[in-house]
file protein19.cif (mmCIF, C-alpha atoms)
data_target
loop_
_atom_site.label_atom_id
_atom_site.label_comp_id
_atom_site.auth_asym_id
_atom_site.auth_seq_id
_atom_site.Cartn_x
_atom_site.Cartn_y
_atom_site.Cartn_z
CA MET O 90 0.00 0.00 0.00
CA THR O 91 1.37 3.43 -0.97
CA GLU O 92 0.69 6.33 1.34
CA THR O 93 1.42 9.99 0.67
CA ILE O 94 2.71 11.74 3.75
CA THR O 95 2.37 15.48 3.64
CA GLY O 96 3.23 18.15 6.14
CA THR O 97 0.95 20.90 7.33
CA GLY O 98 -0.03 23.45 4.73
CA MET O 99 1.29 26.51 6.54
CA SER O 100 3.05 27.20 9.81
CA PRO O 101 1.54 29.58 12.39
CA LEU O 102 4.18 32.14 11.43
CA GLU O 103 3.16 31.93 7.77
CA ILE O 104 -0.51 32.26 8.70
CA LEU O 105 0.37 35.36 10.73
CA LEU O 106 2.23 36.76 7.71
CA VAL O 107 -0.76 36.21 5.42
CA LEU O 108 -3.22 37.73 7.90
CA GLY O 109 -0.98 40.74 8.59
CA ALA O 110 -0.54 41.40 4.88
CA ALA O 111 -4.28 41.00 4.19
CA VAL O 112 -5.19 43.45 6.96
CA LEU O 113 -2.55 45.83 5.59
CA VAL O 114 -4.21 45.74 2.17
CA LEU O 115 -7.72 46.12 3.59
CA ALA O 116 -6.80 48.89 6.06
CA ARG O 117 -7.21 51.43 3.25
CA TRP O 118 -10.94 50.78 3.28
CA LEU O 119 -11.40 51.37 7.03
CA PRO O 120 -12.76 54.62 8.50
CA ALA O 121 -10.11 57.32 9.01
CA VAL O 122 -10.17 56.95 12.80
CA ALA O 123 -9.20 53.26 12.73
CA ARG O 124 -7.01 53.33 9.63
CA GLY O 125 -3.80 54.56 11.30
CA PRO O 126 -3.60 52.18 14.27
CA VAL O 127 -4.74 49.18 12.23
CA THR O 128 -2.21 49.97 9.49
CA LEU O 129 0.62 50.27 12.02
CA ALA O 130 -0.31 47.01 13.76
CA ALA O 131 -0.70 45.13 10.47
CA ALA O 132 2.56 46.55 9.11
CA ALA O 133 4.43 45.53 12.25
CA THR O 134 2.90 42.04 12.16
CA ALA O 135 3.60 41.50 8.46
CA ALA O 136 7.13 42.93 8.60
CA LEU O 137 8.12 40.99 11.71
CA SER O 138 6.72 37.68 10.49
CA ALA O 139 8.28 38.20 7.04
CA ALA O 140 11.67 38.94 8.61
CA VAL O 141 11.50 35.90 10.89
CA SER O 142 10.34 33.71 7.99
CA ILE O 143 13.24 34.89 5.84
CA VAL O 144 15.76 34.25 8.64
CA LEU O 145 14.35 30.80 9.42
CA GLY O 146 14.08 29.84 5.76
CA LEU O 147 11.34 31.20 3.54
CA ARG O 148 9.47 28.55 1.58
CA TRP O 149 8.95 29.36 -2.10
CA GLN O 150 5.18 29.23 -1.59
CA MET O 151 5.37 32.34 0.63
CA VAL O 152 7.35 34.54 -1.80
CA PRO O 153 4.17 36.03 -3.37
CA VAL O 154 2.83 36.79 0.12
CA VAL O 155 6.02 38.68 1.06
CA ALA O 156 5.88 40.56 -2.26
CA ALA O 157 2.23 41.54 -1.72
CA ALA O 158 3.01 42.62 1.85
CA ALA O 159 5.88 44.80 0.60
CA ILE O 160 3.67 46.40 -2.06
CA ALA O 161 0.84 47.02 0.43
CA LEU O 162 3.32 48.39 2.98
CA GLY O 163 4.62 50.86 0.43
CA PHE O 164 1.15 52.17 -0.34
CA ALA O 165 0.05 52.19 3.30
CA ALA O 166 3.16 53.85 4.73
CA VAL O 167 3.19 56.93 2.47
CA PRO O 168 -0.14 58.39 3.68
CA LEU O 169 0.77 57.72 7.31
CA LEU O 170 4.16 59.40 6.98
CA ARG O 171 2.64 62.41 5.23
CA GLN O 172 -0.02 62.70 7.91
CA ARG O 173 2.59 62.58 10.68
CA ALA O 174 4.62 65.27 8.90
CA GLY O 175 1.55 67.53 8.93
CA ARG O 176 1.00 67.45 5.19
CA THR O 177 -2.41 66.97 3.66
CA VAL O 178 -3.09 63.39 2.71
CA ARG O 179 -4.69 62.83 -0.65
CA ARG O 180 -5.83 59.29 -1.09
CA ALA O 181 -6.21 57.64 -4.44
CA PRO O 182 -9.77 57.61 -5.78
CA ARG O 183 -11.76 54.46 -5.10
CA TRP O 184 -11.92 53.50 -8.77
CA LEU O 185 -8.12 53.42 -8.81
CA ALA O 186 -7.57 51.84 -5.38
CA LEU O 187 -10.05 48.99 -5.85
CA PRO O 188 -8.16 47.20 -8.67
CA GLY O 189 -4.89 47.64 -6.76
CA SER O 190 -6.38 46.17 -3.60
CA ALA O 191 -7.91 43.29 -5.56
CA ALA O 192 -4.58 42.57 -7.30
CA CYS O 193 -2.74 42.62 -3.96
CA LEU O 194 -5.29 40.27 -2.38
CA ALA O 195 -5.01 37.93 -5.38
CA LEU O 196 -1.23 37.90 -5.00
CA LEU O 197 -1.69 37.18 -1.30
CA ALA O 198 -3.98 34.24 -2.08
CA VAL O 199 -1.32 32.59 -4.26
CA GLY O 200 0.81 31.66 -1.22
CA PRO O 201 -1.79 29.74 0.79
CA VAL O 202 -3.14 28.07 -2.37
CA ALA O 203 0.38 26.97 -3.35
CA ALA O 204 1.05 25.74 0.20
CA TRP O 205 -2.17 23.72 0.08
CA ALA O 206 -1.76 22.39 -3.47
CA LEU O 207 1.99 21.72 -3.32
CA PRO O 208 2.85 20.97 0.31
CA GLU O 209 6.34 20.02 1.37
CA PRO O 210 6.43 16.35 2.28
CA ALA O 211 7.15 15.42 5.88
CA PHE O 212 8.73 12.00 6.18
CA PRO O 213 8.61 10.09 9.47
CA GLU O 214 11.81 9.67 11.40
CA PRO O 215 13.34 6.20 11.00
CA SER O 216 12.02 4.10 13.86
CA GLY O 217 14.42 1.16 13.70
CA ARG O 218 17.38 0.62 15.96
CA TYR O 219 19.88 1.27 13.15
CA ALA O 220 21.00 4.73 11.99
CA VAL O 221 20.11 5.88 8.50
CA GLY O 222 22.27 8.22 6.42
CA THR O 223 21.27 10.13 3.31
CA THR O 224 23.02 11.89 0.49
CA VAL O 225 21.99 13.74 -2.66
CA LEU O 226 23.90 13.07 -5.86
CA GLU O 227 23.73 14.27 -9.44
CA TRP O 228 24.48 11.55 -11.97
CA THR O 229 25.40 12.55 -15.53
CA ASP O 230 25.41 10.15 -18.48
CA SER O 231 28.26 11.48 -20.62
CA GLY O 232 27.32 9.12 -23.47
CA ARG O 233 23.79 10.49 -23.76
CA PRO O 234 23.23 14.03 -25.09
CA GLU O 235 20.53 16.18 -23.50
CA THR O 236 17.85 16.74 -26.16
CA PHE O 237 15.87 19.35 -24.23
CA THR O 238 18.53 22.10 -24.28
CA ALA O 239 20.19 23.94 -27.14
CA GLU O 240 23.65 23.50 -25.57
CA PRO O 241 25.58 21.00 -27.77
CA ASP O 242 27.84 19.78 -24.92
CA ASP O 243 24.99 19.21 -22.45
CA HIS O 244 24.47 15.63 -21.25
CA ARG O 245 21.53 13.89 -19.60
CA SER O 246 21.63 14.14 -15.80
CA VAL O 247 19.41 13.13 -12.92
CA VAL O 248 19.41 14.12 -9.25
CA VAL O 249 18.87 11.29 -6.77
CA GLN O 250 18.64 11.03 -3.00
CA LEU O 251 19.96 7.86 -1.44
CA TRP O 252 19.34 6.44 2.02
CA TYR O 253 21.78 3.93 3.46
CA PRO O 254 22.66 2.22 6.75
CA ALA O 255 24.98 4.42 8.79
CA CYS O 256 27.08 4.14 11.93
CA ARG O 257 25.70 6.07 14.91
CA GLY O 258 27.76 9.06 15.95
CA THR O 259 29.88 9.28 12.79
CA ARG O 260 29.79 12.41 10.69
CA ASN O 261 30.88 10.77 7.41
CA PRO O 262 29.91 7.08 7.53
CA PRO O 263 31.64 4.70 5.12
CA HIS O 264 29.92 4.19 1.77
CA SER O 265 29.51 0.78 0.23
CA ALA O 266 29.60 0.43 -3.54
#

call {"tool": "encode", "arguments": {"input": "protein19.cif", "output": "structure tokens"}}
result
Amino acid sequence: MTETITGTGMSPLEILLVLGAAVLVLARWLPAVARGPVTLAAAATAALSAAVSIVLGLRWQMVPVVAAAAIALGFAAVPLLRQRAGRTVRRAPRWLALPGSAACLALLAVGPVAAWALPEPAFPEPSGRYAVGTTVLEWTDSGRPETFTAEPDDHRSVVVQLWYPACRGTRNPPHSA
């Protein structure tokens, strides 16, 4: 029997990033009294979770979410900075802001959909009493030309991951051929 083992769609940090970015996009449509504090809180949440995600290792599924958050932050920060400087704040007309907000929300939706549709697999830890080692290799067949590229000297190659019995506590266990 074959079983597909998948990990969770998104981590709590990624969910926080998506929610912070979505609130940042939608803050433009709030009443003027609530717009400033909500924008600041959403910007702080999105920026902090994006920074932590990048430091911990950003999954490719979350790249559109970070891009949408950066775009929304740019548009949300300018009116707030102008207002704090005492300048008059002219907002974009609704007919212009609506397509931008919709495009940003669509870009935000790409991340969770990609995380759901293409999750990263989570394999169980080996449960036996013997250690298991793994290595990733690229094998190239020099006698077989690659037909899918225009490069004349390109040869067919494949990337493989191998699992093998290993000795516990050794950094580089011996390989058997």

call {"tool": "closest_residue", "arguments": {"input": "protein19.cif", "among": "O:Val114, O:Leu106, O:Val249, O:Val167", "to": "Val152 of chain O", "atoms": "only C-alpha atoms"}}
result
O:Leu106

call {"tool": "residues_around", "arguments": {"input": "protein19.cif", "residues": "Ala166 of chain O", "least_positions_apart": "5", "cutoff": "9 Å", "atoms": "all atoms listed in the file", "output": "short mmCIF file (atom, residue, chain, number, x, y, z; two decimals) with C-alpha atoms, keeping the file's coordinate frame"}}
result
data_model
loop_
_atom_site.label_atom_id
_atom_site.label_comp_id
_atom_site.auth_asym_id
_atom_site.auth_seq_id
_atom_site.Cartn_x
_atom_site.Cartn_y
_atom_site.Cartn_z
CA THR O 128 -2.21 49.97 9.49
CA LEU O 129 0.62 50.27 12.02
CA ALA O 132 2.56 46.55 9.11
CA ALA O 161 0.84 47.02 0.43
CA ARG O 171 2.64 62.41 5.23
#

call {"tool": "closest_residue", "arguments": {"input": "protein19.cif", "among": "O:Ala133, O:Ala159, O:Ala139, O:Leu251", "to": "Leu196 of chain O", "atoms": "all atoms listed in the file"}}
result
O:Ala159

call {"tool": "resolve_selection", "arguments": {"input": "protein19.cif", "expression": "the PyMOL selection byres ((chain O and resi 124) around 12)", "output": "ChimeraX atom specification"}}
result
/O:112-123,125-132,165-166,168-169,172

call {"tool": "residues_around", "arguments": {"input": "protein19.cif", "residues": "segment 216-218 of chain O", "least_positions_apart": "3", "cutoff": "12 Å", "atoms": "only C-alpha atoms", "output": "list in words"}}
result
Phe212, Pro213, Val221, Pro254, Ala255, Cys256 and Arg257 of chain O

call {"tool": "residues_around", "arguments": {"input": "protein19.cif", "residues": "Trp228 of chain O", "least_positions_apart": "4", "cutoff": "12 Å", "atoms": "all atoms listed in the file", "output": "ChimeraX atom specification"}}
result
/O:233,244-250

call {"tool": "axis_aligned_box", "arguments": {"input": "protein19.cif", "around": "segment 248-252 of chain O", "padding_each_side": "6 Å", "output": "lines of an AutoDock Vina configuration file"}}
result
center_x = 19.3
center_y = 10.3
center_z = -3.6
size_x = 13.3
size_y = 19.7
size_z = 23.3

call {"tool": "atom_distance", "arguments": {"input": "protein19.cif", "atom1": "atom CA of Ala204 of chain O", "atom2": "atom CA of Gly189 of chain O"}}
result
23.7 Å

call {"tool": "residues_around", "arguments": {"input": "protein19.cif", "residues": "Leu194 of chain O", "least_positions_apart": "3", "cutoff": "12 Å", "atoms": "all atoms listed in the file", "output": "short mmCIF file (atom, residue, chain, number, x, y, z; two decimals) with C-alpha atoms, in the frame of the given file"}}
result
data_model
loop_
_atom_site.label_atom_id
_atom_site.label_comp_id
_atom_site.auth_asym_id
_atom_site.auth_seq_id
_atom_site.Cartn_x
_atom_site.Cartn_y
_atom_site.Cartn_z
CA VAL O 107 -0.76 36.21 5.42
CA LEU O 108 -3.22 37.73 7.90
CA GLY O 109 -0.98 40.74 8.59
CA ALA O 110 -0.54 41.40 4.88
CA ALA O 111 -4.28 41.00 4.19
CA VAL O 112 -5.19 43.45 6.96
CA LEU O 113 -2.55 45.83 5.59
CA VAL O 114 -4.21 45.74 2.17
CA LEU O 115 -7.72 46.12 3.59
CA PRO O 153 4.17 36.03 -3.37
CA VAL O 154 2.83 36.79 0.12
CA VAL O 155 6.02 38.68 1.06
CA ALA O 156 5.88 40.56 -2.26
CA ALA O 157 2.23 41.54 -1.72
CA ALA O 158 3.01 42.62 1.85
CA ILE O 160 3.67 46.40 -2.06
CA ALA O 161 0.84 47.02 0.43
CA LEU O 187 -10.05 48.99 -5.85
CA PRO O 188 -8.16 47.20 -8.67
CA GLY O 189 -4.89 47.64 -6.76
CA SER O 190 -6.38 46.17 -3.60
CA ALA O 191 -7.91 43.29 -5.56
CA LEU O 197 -1.69 37.18 -1.30
CA ALA O 198 -3.98 34.24 -2.08
CA VAL O 199 -1.32 32.59 -4.26
CA GLY O 200 0.81 31.66 -1.22
CA PRO O 201 -1.79 29.74 0.79
#

call {"tool": "closest_residue", "arguments": {"input": "protein19.cif", "among": "O:Val141, O:Ala136, O:Leu102, O:Met151", "to": "Leu207 of chain O", "atoms": "all atoms listed in the file"}}
result
O:Met151

call {"tool": "build_atoms", "arguments": {"input": "protein19.cif", "residues": "segment 208-219 of chain O", "atoms": "all heavy atoms", "output": "mmCIF file, in the coordinates of the input"}}
result
data_model
loop_
_atom_site.group_PDB
_atom_site.id
_atom_site.type_symbol
_atom_site.label_atom_id
_atom_site.label_comp_id
_atom_site.auth_asym_id
_atom_site.auth_seq_id
_atom_site.Cartn_x
_atom_site.Cartn_y
_atom_site.Cartn_z
ATOM 1 N N PRO O 208 2.221 20.944 -1.016
ATOM 2 C CA PRO O 208 2.850 20.970 0.310
ATOM 3 C C PRO O 208 4.216 20.301 0.283
ATOM 4 O O PRO O 208 4.511 19.472 -0.584
ATOM 5 C CB PRO O 208 1.869 20.161 1.168
ATOM 6 C CG PRO O 208 1.230 19.225 0.215
ATOM 7 C CD PRO O 208 1.130 19.980 -1.093
ATOM 8 N N GLU O 209 5.049 20.674 1.228
ATOM 9 C CA GLU O 209 6.340 20.020 1.370
ATOM 10 C C GLU O 209 6.120 18.712 2.117
ATOM 11 O O GLU O 209 5.446 18.694 3.145
ATOM 12 C CB GLU O 209 7.295 20.906 2.154
ATOM 13 C CG GLU O 209 7.690 22.142 1.388
ATOM 14 C CD GLU O 209 8.684 23.002 2.149
ATOM 15 O OE1 GLU O 209 8.921 22.744 3.349
ATOM 16 O OE2 GLU O 209 9.223 23.912 1.536
ATOM 17 N N PRO O 210 6.664 17.623 1.601
ATOM 18 C CA PRO O 210 6.430 16.350 2.280
ATOM 19 C C PRO O 210 7.149 16.298 3.628
ATOM 20 O O PRO O 210 8.221 16.871 3.783
ATOM 21 C CB PRO O 210 7.013 15.315 1.305
ATOM 22 C CG PRO O 210 7.985 16.071 0.484
ATOM 23 C CD PRO O 210 7.481 17.482 0.413
ATOM 24 N N ALA O 211 6.547 15.633 4.566
ATOM 25 C CA ALA O 211 7.150 15.420 5.880
ATOM 26 C C ALA O 211 7.277 13.914 6.078
ATOM 27 O O ALA O 211 6.269 13.214 6.208
ATOM 28 C CB ALA O 211 6.291 16.032 6.969
ATOM 29 N N PHE O 212 8.499 13.429 6.053
ATOM 30 C CA PHE O 212 8.730 12.000 6.180
ATOM 31 C C PHE O 212 8.906 11.644 7.655
ATOM 32 O O PHE O 212 9.489 12.411 8.421
ATOM 33 C CB PHE O 212 9.968 11.581 5.393
ATOM 34 C CG PHE O 212 9.829 11.818 3.921
ATOM 35 C CD1 PHE O 212 10.517 12.844 3.308
ATOM 36 C CD2 PHE O 212 9.001 11.026 3.153
ATOM 37 C CE1 PHE O 212 10.381 13.079 1.963
ATOM 38 C CE2 PHE O 212 8.862 11.253 1.798
ATOM 39 C CZ PHE O 212 9.559 12.274 1.200
ATOM 40 N N PRO O 213 8.420 10.487 8.062
ATOM 41 C CA PRO O 213 8.610 10.090 9.470
ATOM 42 C C PRO O 213 10.075 9.796 9.753
ATOM 43 O O PRO O 213 10.820 9.397 8.860
ATOM 44 C CB PRO O 213 7.739 8.837 9.591
ATOM 45 C CG PRO O 213 7.641 8.297 8.206
ATOM 46 C CD PRO O 213 7.700 9.491 7.290
ATOM 47 N N GLU O 214 10.462 10.010 10.989
ATOM 48 C CA GLU O 214 11.810 9.670 11.400
ATOM 49 C C GLU O 214 11.963 8.147 11.350
ATOM 50 O O GLU O 214 11.016 7.417 11.661
ATOM 51 C CB GLU O 214 12.082 10.167 12.815
ATOM 52 C CG GLU O 214 12.175 11.673 12.915
ATOM 53 C CD GLU O 214 13.390 12.228 12.217
ATOM 54 O OE1 GLU O 214 14.481 11.605 12.290
ATOM 55 O OE2 GLU O 214 13.257 13.275 11.564
ATOM 56 N N PRO O 215 13.137 7.655 10.975
ATOM 57 C CA PRO O 215 13.340 6.200 11.000
ATOM 58 C C PRO O 215 13.117 5.672 12.421
ATOM 59 O O PRO O 215 13.597 6.258 13.388
ATOM 60 C CB PRO O 215 14.795 6.028 10.579
ATOM 61 C CG PRO O 215 15.133 7.283 9.842
ATOM 62 C CD PRO O 215 14.305 8.364 10.466
ATOM 63 N N SER O 216 12.376 4.597 12.542
ATOM 64 C CA SER O 216 12.020 4.100 13.860
ATOM 65 C C SER O 216 12.802 2.851 14.256
ATOM 66 O O SER O 216 12.631 2.341 15.349
ATOM 67 C CB SER O 216 10.514 3.797 13.905
ATOM 68 O OG SER O 216 10.190 2.837 12.913
ATOM 69 N N GLY O 217 13.642 2.365 13.382
ATOM 70 C CA GLY O 217 14.420 1.160 13.700
ATOM 71 C C GLY O 217 15.568 1.462 14.637
ATOM 72 O O GLY O 217 15.838 2.609 14.998
ATOM 73 N N ARG O 218 16.274 0.422 15.021
ATOM 74 C CA ARG O 218 17.380 0.620 15.960
ATOM 75 C C ARG O 218 18.676 0.961 15.243
ATOM 76 O O ARG O 218 19.676 1.253 15.885
ATOM 77 C CB ARG O 218 17.550 -0.616 16.824
ATOM 78 C CG ARG O 218 17.869 -1.866 16.069
ATOM 79 C CD ARG O 218 18.008 -3.018 17.019
ATOM 80 N NE ARG O 218 19.098 -3.854 16.565
ATOM 81 C CZ ARG O 218 19.122 -5.147 16.653
ATOM 82 N NH1 ARG O 218 18.130 -5.770 17.239
ATOM 83 N NH2 ARG O 218 20.134 -5.827 16.205
ATOM 84 N N TYR O 219 18.682 0.951 13.904
ATOM 85 C CA TYR O 219 19.880 1.270 13.150
ATOM 86 C C TYR O 219 19.802 2.698 12.599
ATOM 87 O O TYR O 219 18.729 3.173 12.232
ATOM 88 C CB TYR O 219 20.081 0.283 11.991
ATOM 89 C CG TYR O 219 20.254 -1.130 12.472
ATOM 90 C CD1 TYR O 219 19.229 -2.044 12.356
ATOM 91 C CD2 TYR O 219 21.446 -1.527 13.069
ATOM 92 C CE1 TYR O 219 19.367 -3.341 12.815
ATOM 93 C CE2 TYR O 219 21.602 -2.824 13.538
ATOM 94 C CZ TYR O 219 20.554 -3.726 13.411
ATOM 95 O OH TYR O 219 20.702 -4.996 13.874
#
